[in-house]
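Text of my_file.txt (compact mmCIF, C-alpha atoms) as supplied:
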```
# COMPACT_ATOMS: atom_id res chain seq x y z
CA MET A 1 103.52 146.95 123.47
CA LYS A 2 105.66 147.89 120.47
CA GLN A 3 108.06 145.05 121.26
CA ARG A 4 105.20 142.57 121.34
CA HIS A 5 103.86 143.90 118.04
CA PHE A 6 107.31 143.54 116.47
CA PHE A 7 107.56 139.95 117.72
CA PHE A 8 104.33 138.94 115.96
CA ILE A 9 105.44 140.68 112.77
CA ALA A 10 108.75 138.79 112.92
CA VAL A 11 106.99 135.46 113.44
CA ALA A 12 104.66 136.15 110.50
CA PHE A 13 107.65 137.02 108.32
CA VAL A 14 109.36 133.74 109.19
CA LEU A 15 106.20 131.79 108.40
CA ILE A 16 105.72 133.54 105.05
CA CYS A 17 109.35 133.06 104.03
CA SER A 18 109.41 129.43 105.05
CA SER A 19 106.22 128.61 103.17
CA GLY A 20 107.87 129.77 99.97
CA CYS A 21 110.96 127.63 100.38
CA GLU A 22 111.23 124.40 98.43
CA SER A 23 113.25 122.73 101.18
CA PRO A 24 111.28 121.63 104.27
CA HIS A 25 114.34 122.33 106.46
CA PHE A 26 112.82 125.42 108.02
CA TYR A 27 114.54 125.52 111.38
CA GLY A 28 117.14 123.85 113.53
CA ASP A 29 120.85 123.79 114.26
CA PRO A 30 122.73 124.00 110.92
CA ALA A 31 124.82 120.98 111.88
CA VAL A 32 121.67 118.96 112.51
CA LEU A 33 120.09 120.11 109.26
CA GLU A 34 123.24 118.98 107.51
CA LEU A 35 122.60 115.48 108.88
CA ILE A 36 119.15 115.51 107.24
CA SER A 37 120.68 116.63 103.96
CA GLU A 38 123.35 113.95 104.32
CA GLY A 39 120.64 111.35 104.94
CA TRP A 40 118.87 112.24 101.71
CA ASP A 41 122.19 112.17 99.85
CA TYR A 42 122.75 108.61 101.09
CA PHE A 43 119.16 107.69 100.18
CA GLU A 44 119.58 108.96 96.63
CA VAL A 45 122.52 106.59 96.04
CA SER A 46 120.72 103.66 97.71
CA GLN A 47 122.96 103.59 100.80
CA PHE A 48 120.01 103.02 103.09
CA PRO A 49 121.77 101.93 106.33
CA GLN A 50 123.88 105.11 106.23
CA ALA A 51 120.77 107.17 105.47
CA ILE A 52 118.98 105.66 108.46
CA ASN A 53 121.94 106.51 110.70
CA SER A 54 122.01 110.13 109.51
CA PHE A 55 118.27 110.70 109.89
CA THR A 56 118.27 109.06 113.32
CA ALA A 57 121.18 111.26 114.45
CA ALA A 58 119.35 114.34 113.15
CA LEU A 59 116.22 113.48 115.13
CA ALA A 60 118.32 113.01 118.25
CA GLY A 61 119.81 116.46 117.68
CA LEU A 62 116.39 118.03 117.18
CA GLU A 63 114.84 116.34 120.22
CA ALA A 64 115.47 119.21 122.64
CA ASP A 65 114.88 122.00 120.10
CA THR A 66 111.57 123.76 120.73
CA ALA A 67 112.09 126.66 118.32
CA ILE A 68 109.45 127.85 115.88
CA LEU A 69 108.95 125.54 112.86
CA VAL A 70 111.50 122.98 114.01
CA ASP A 71 108.79 120.31 113.73
CA LEU A 72 108.99 120.54 109.95
CA SER A 73 112.65 119.58 110.10
CA ARG A 74 111.72 116.65 112.33
CA ALA A 75 109.01 115.72 109.84
CA ASP A 76 111.48 115.70 106.96
CA ALA A 77 113.85 113.46 108.93
CA HIS A 78 110.98 111.06 109.64
CA ALA A 79 110.07 111.09 105.93
CA GLY A 80 113.66 110.19 105.10
CA LEU A 81 113.60 107.37 107.62
CA GLY A 82 110.29 106.16 106.18
CA TRP A 83 111.65 105.93 102.66
CA SER A 84 114.96 104.41 103.77
CA TYR A 85 113.14 101.70 105.73
CA LEU A 86 110.68 101.08 102.87
CA ARG A 87 113.49 100.65 100.35
CA SER A 88 115.20 98.34 102.86
CA GLY A 89 112.13 96.09 102.93
CA LEU A 90 111.04 97.15 106.42
CA ALA A 91 107.50 98.37 105.88
CA ASP A 92 106.45 98.49 109.54
CA PRO A 93 108.98 101.12 110.75
CA ALA A 94 108.53 102.86 107.39
CA MET A 95 104.82 103.34 108.08
CA THR A 96 105.52 104.52 111.62
CA ASN A 97 107.84 107.24 110.33
CA PHE A 98 105.55 108.34 107.49
CA ASP A 99 102.70 108.67 109.98
CA ARG A 100 104.90 110.65 112.36
CA SER A 101 105.94 112.95 109.52
CA GLN A 102 102.32 113.80 108.77
CA GLU A 103 101.52 114.22 112.45
CA LEU A 104 104.23 116.88 112.54
CA GLY A 105 102.54 118.76 109.71
CA LEU A 106 104.38 117.73 106.54
CA PHE A 107 102.19 116.59 103.66
CA ASN A 108 103.55 116.00 100.16
CA PHE A 109 103.53 113.49 97.31
CA GLY A 110 106.59 111.60 98.56
CA ILE A 111 105.15 110.95 102.00
CA SER A 112 101.70 110.04 100.63
CA LEU A 113 103.21 107.57 98.15
CA GLY A 114 105.49 106.19 100.86
CA ARG A 115 102.48 105.46 103.06
CA MET A 116 100.71 103.87 100.11
CA GLY A 117 103.68 101.60 99.40
CA SER A 118 103.95 100.69 103.08
CA PHE A 119 100.26 99.77 103.21
CA TYR A 120 100.71 97.41 100.28
CA GLU A 121 103.84 95.79 101.73
CA LEU A 122 101.97 95.17 105.01
CA ARG A 123 99.05 93.45 103.23
CA GLU A 124 99.84 90.00 104.63
CA THR A 125 99.60 91.27 108.21
CA ASN A 126 96.18 92.78 107.56
CA PRO A 127 94.37 92.69 104.18
CA VAL A 128 92.55 95.92 105.11
CA TYR A 129 95.82 97.72 104.42
CA VAL A 130 95.23 97.08 100.70
CA ASP A 131 92.01 99.12 100.91
CA SER A 132 94.00 101.88 102.62
CA ALA A 133 96.60 101.82 99.85
CA ILE A 134 93.92 102.16 97.16
CA ALA A 135 92.19 104.94 99.09
CA THR A 136 95.50 106.79 99.43
CA GLY A 137 96.18 106.45 95.70
CA THR A 138 92.68 107.70 94.87
CA TRP A 139 93.24 110.68 97.16
CA ILE A 140 96.60 111.47 95.53
CA PHE A 141 94.97 111.63 92.09
CA SER A 142 92.13 113.80 93.38
CA SER A 143 94.49 116.26 95.07
CA ASP A 144 96.27 119.16 93.42
CA MET A 145 99.69 118.20 94.74
CA PRO A 146 102.58 118.03 92.24
CA MET A 147 103.38 114.35 91.67
CA VAL A 148 107.11 114.79 92.04
CA PHE A 149 109.43 113.13 94.56
CA GLU A 150 112.55 115.28 94.61
CA HIS A 151 114.76 112.49 95.95
CA ASP A 152 113.93 110.00 93.17
CA PRO A 153 113.04 111.36 89.71
CA ASP A 154 111.86 107.90 88.61
CA VAL A 155 108.94 108.13 91.01
CA ASP A 156 105.84 109.81 89.58
CA GLU A 157 102.12 109.31 88.99
CA ASN A 158 102.78 105.98 87.27
CA THR A 159 104.35 104.71 90.47
CA VAL A 160 101.00 105.38 92.15
CA ARG A 161 99.27 103.43 89.37
CA MET A 162 101.71 100.56 89.79
CA VAL A 163 100.90 100.20 93.48
CA MET A 164 97.17 100.50 92.77
CA ALA A 165 97.43 97.82 90.05
CA GLN A 166 99.20 95.50 92.49
CA CYS A 167 96.51 96.15 95.09
CA HIS A 168 93.67 95.48 92.64
CA LEU A 169 95.33 92.25 91.51
CA TYR A 170 95.76 91.16 95.14
CA GLN A 171 92.04 91.73 95.66
CA GLY A 172 91.15 89.87 92.46
CA ASP A 173 89.77 92.93 90.67
CA LEU A 174 91.24 92.08 87.27
CA ASP A 175 89.42 94.76 85.27
CA ALA A 176 90.72 97.50 87.57
CA THR A 177 94.20 95.97 87.37
CA LEU A 178 94.17 96.09 83.57
CA ALA A 179 92.86 99.67 83.62
CA MET A 180 95.87 100.76 85.70
CA ILE A 181 98.27 98.85 83.43
CA VAL A 182 96.89 100.52 80.30
CA ALA A 183 97.01 103.92 82.03
CA MET A 184 100.73 103.33 82.63
CA ASP A 185 101.40 102.00 79.14
CA SER A 186 98.82 102.11 76.35
CA TYR A 187 100.76 99.37 74.54
CA TYR A 188 98.80 96.84 76.61
CA SER A 189 95.44 98.08 75.34
CA TYR A 190 95.36 95.00 73.07
CA VAL A 191 94.78 92.77 76.11
CA ASP A 192 91.22 91.49 76.31
CA ARG A 193 89.95 89.52 79.27
CA ASN A 194 87.45 87.70 77.04
CA ASN A 195 89.89 86.83 74.27
CA THR A 196 92.47 84.22 75.23
CA GLY A 197 94.36 84.99 72.02
CA THR A 198 95.50 88.23 73.70
CA TRP A 199 96.83 86.51 76.80
CA ASN A 200 100.44 87.12 75.87
CA LEU A 201 103.12 89.80 76.21
CA SER A 202 103.13 90.81 72.56
CA ALA A 203 100.42 92.49 70.52
CA SER A 204 101.95 90.97 67.37
CA THR A 205 100.88 87.41 68.19
CA THR A 206 97.65 85.58 68.89
CA VAL A 207 99.32 82.72 70.74
CA GLN A 208 98.00 82.21 74.28
CA GLU A 209 101.00 82.24 76.62
CA TYR A 210 99.25 82.13 80.02
CA ASP A 211 96.68 79.79 81.50
CA SER A 212 94.67 82.51 83.18
CA PHE A 213 94.03 86.23 82.79
CA ALA A 214 95.30 86.87 86.33
CA GLU A 215 98.57 85.09 85.50
CA LEU A 216 99.03 87.33 82.46
CA LEU A 217 98.41 90.50 84.47
CA LEU A 218 100.91 89.39 87.09
CA ALA A 219 103.51 88.78 84.37
CA ILE A 220 102.92 92.25 82.92
CA LEU A 221 103.27 93.91 86.32
CA MET A 222 106.47 92.00 87.07
CA ASP A 223 107.82 93.17 83.72
CA MET A 224 106.89 96.79 84.51
CA GLN A 225 108.19 96.92 88.08
CA SER A 226 111.69 97.95 87.04
CA ILE A 227 110.23 100.85 85.05
CA TYR A 228 107.94 102.13 87.79
CA PRO A 229 109.71 101.41 91.10
CA VAL A 230 108.18 102.18 94.48
```
Using structure tokens, write down the structure from this file.
Amino acid sequence: MKQRHFFFIAVAFVLICSSGCESPHFYGDPAVLELISEGWDYFEVSQFPQAINSFTAALAGLEADTAILVDLSRADAHAGLGWSYLRSGLADPAMTNFDRSQELGLFNFGISLGRMGSFYELRETNPVYVDSAIATGTWIFSSDMPMVFEHDPDVDENTVRMVMAQCHLYQGDLDATLAMIVAMDSYYSYVDRNNTGTWNLSASTTVQEYDSFAELLLAILMDMQSIYPV
């Protein structure tokens, strides 16, 4: 009876300790966990094929491991695969891996934003995905999660707004698109849908540069994409 009681105390201690760790690598063979770390290192320097190889090898190594909390290491590897595929322009396998990561119990800003970006990239296969992207962005802003992606410091709450702006423009909701643009950069608050003299990329001129308001918004978003990458 004492041994059983000690076992449950030990399990509780592991759970408490792991919940306080910043790294999601809670359990697994150290050599396999090193593959996950290696995968993220490759991701951070944009070597996505190498990252995919490392994360895939890590998942293969974790396949037979049934130890406590090992699923969170699997989830992190799937998150890495999701981002590596997304940055490689492969939204379908990216979405599959983000979904698998959440199924395994890992929820954070990076995975939520990754799913949102994947939804948007898959819009041509099913326009409903755009609604899902907007819903995910709305949920992110309503949650209390820190909007930090540890593997890319350029990704933050404005990245969420960028994807939402693209989604609104795709749906033809120009007012919502402009609202997201201004939230990212108040410089564009001079833009007025009802004043063609503001249909330009400079607040210092009244010369109309674009034939339609939608065309202007698209130009602004294309100009901002390098600042707020997905």
**Fill in**
Counting all atoms listed in the file, the residue among A:Tyr129, A:Trp139, A:Tyr27, A:Phe149 that lies closest to Gly114 of chain A is A:Phe149
**Message:** The residues within 10 Å of (100.3, 97.7, 104.1), using only C-alpha atoms and the coordinates of the file, should be reported as a PyMOL selection string; which are they?
**Reply:** chain A and resi 91-92+95+115-133+167
**Complete:** Separating atom CA of Ile181 of chain A from atom CA of Asn194 of chain A, to the nearest tenth of an Å, is a gap of 16.8 Å
**Request:** In Å, rounded to a single decimal, give me how far atom CA of Ser186 of chain A is from atom CA of Ser142 of chain A.
**Result:** 21.7 Å
**Request:** Would you mind reading off the distance between atom CA of Leu59 of chain A and atom CA of Gly28 of chain A, one decimal, in Å?
**Result:**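 We find that atom CA of Leu59 of chain A and atom CA of Gly28 of chain A lie 10.5 Å from each other.
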**Request:** Rank A:Pro146, A:Asn195, A:Leu81, A:Phe213 by their smallest atom-to-atom distance to Leu178 of chain A, using all atoms listed in the file, and report the top residue only.
**Result:**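 Between A:Pro146, A:Asn195, A:Leu81, A:Phe213, the residue approaching Leu178 of chain A most closely is A:Phe213.
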May I have the centre and edge lengths, in Å to one decimal, of an axis-aligned box around the listed atoms of segment 94-103 of chain A with 5 Å added to every side, as AutoDock Vina command-line options?
```
--center_x 105.0 --center_y 108.5 --center_z 109.9 --size_x 17.0 --size_y 21.4 --size_z 15.1
```
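Minimum distance to Ile140 of chain A across A:Thr205, A:Asn108, A:Gln171, A:Thr56 (counting only C-alpha atoms) occurs at A:Asn108.
For the choices A:Ala179, A:Met164, A:Val32, A:Leu106, the atom-to-atom distance to Leu69 of chain A is smallest for A:Leu106 when using all atoms listed in the file.
Remark: for Val230 of chain A, the closest of the candidate residues A:Leu72, A:Val148, A:Ala51, A:Met162 is A:Met162 (distances computed over only C-alpha atoms).
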**Item:** Nearest to Pro93 of chain A, chosen from A:Phe141, A:Val163, A:Ile52, A:Ala214, with only C-alpha atoms counted in the distances
**Value:**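 Of the candidates, the smallest distance to Pro93 of chain A is held by A:Ile52.
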**Request:** Extract, using all atoms listed in the file, all DNA, RNA and protein residues at most 9 Å from His151 of chain A, discarding same-chain residues fewer than 2 positions from it, and format them as number ranges by chain.
**Result:** A: 40-41, 43-44, 110, 148-149, 153, 155
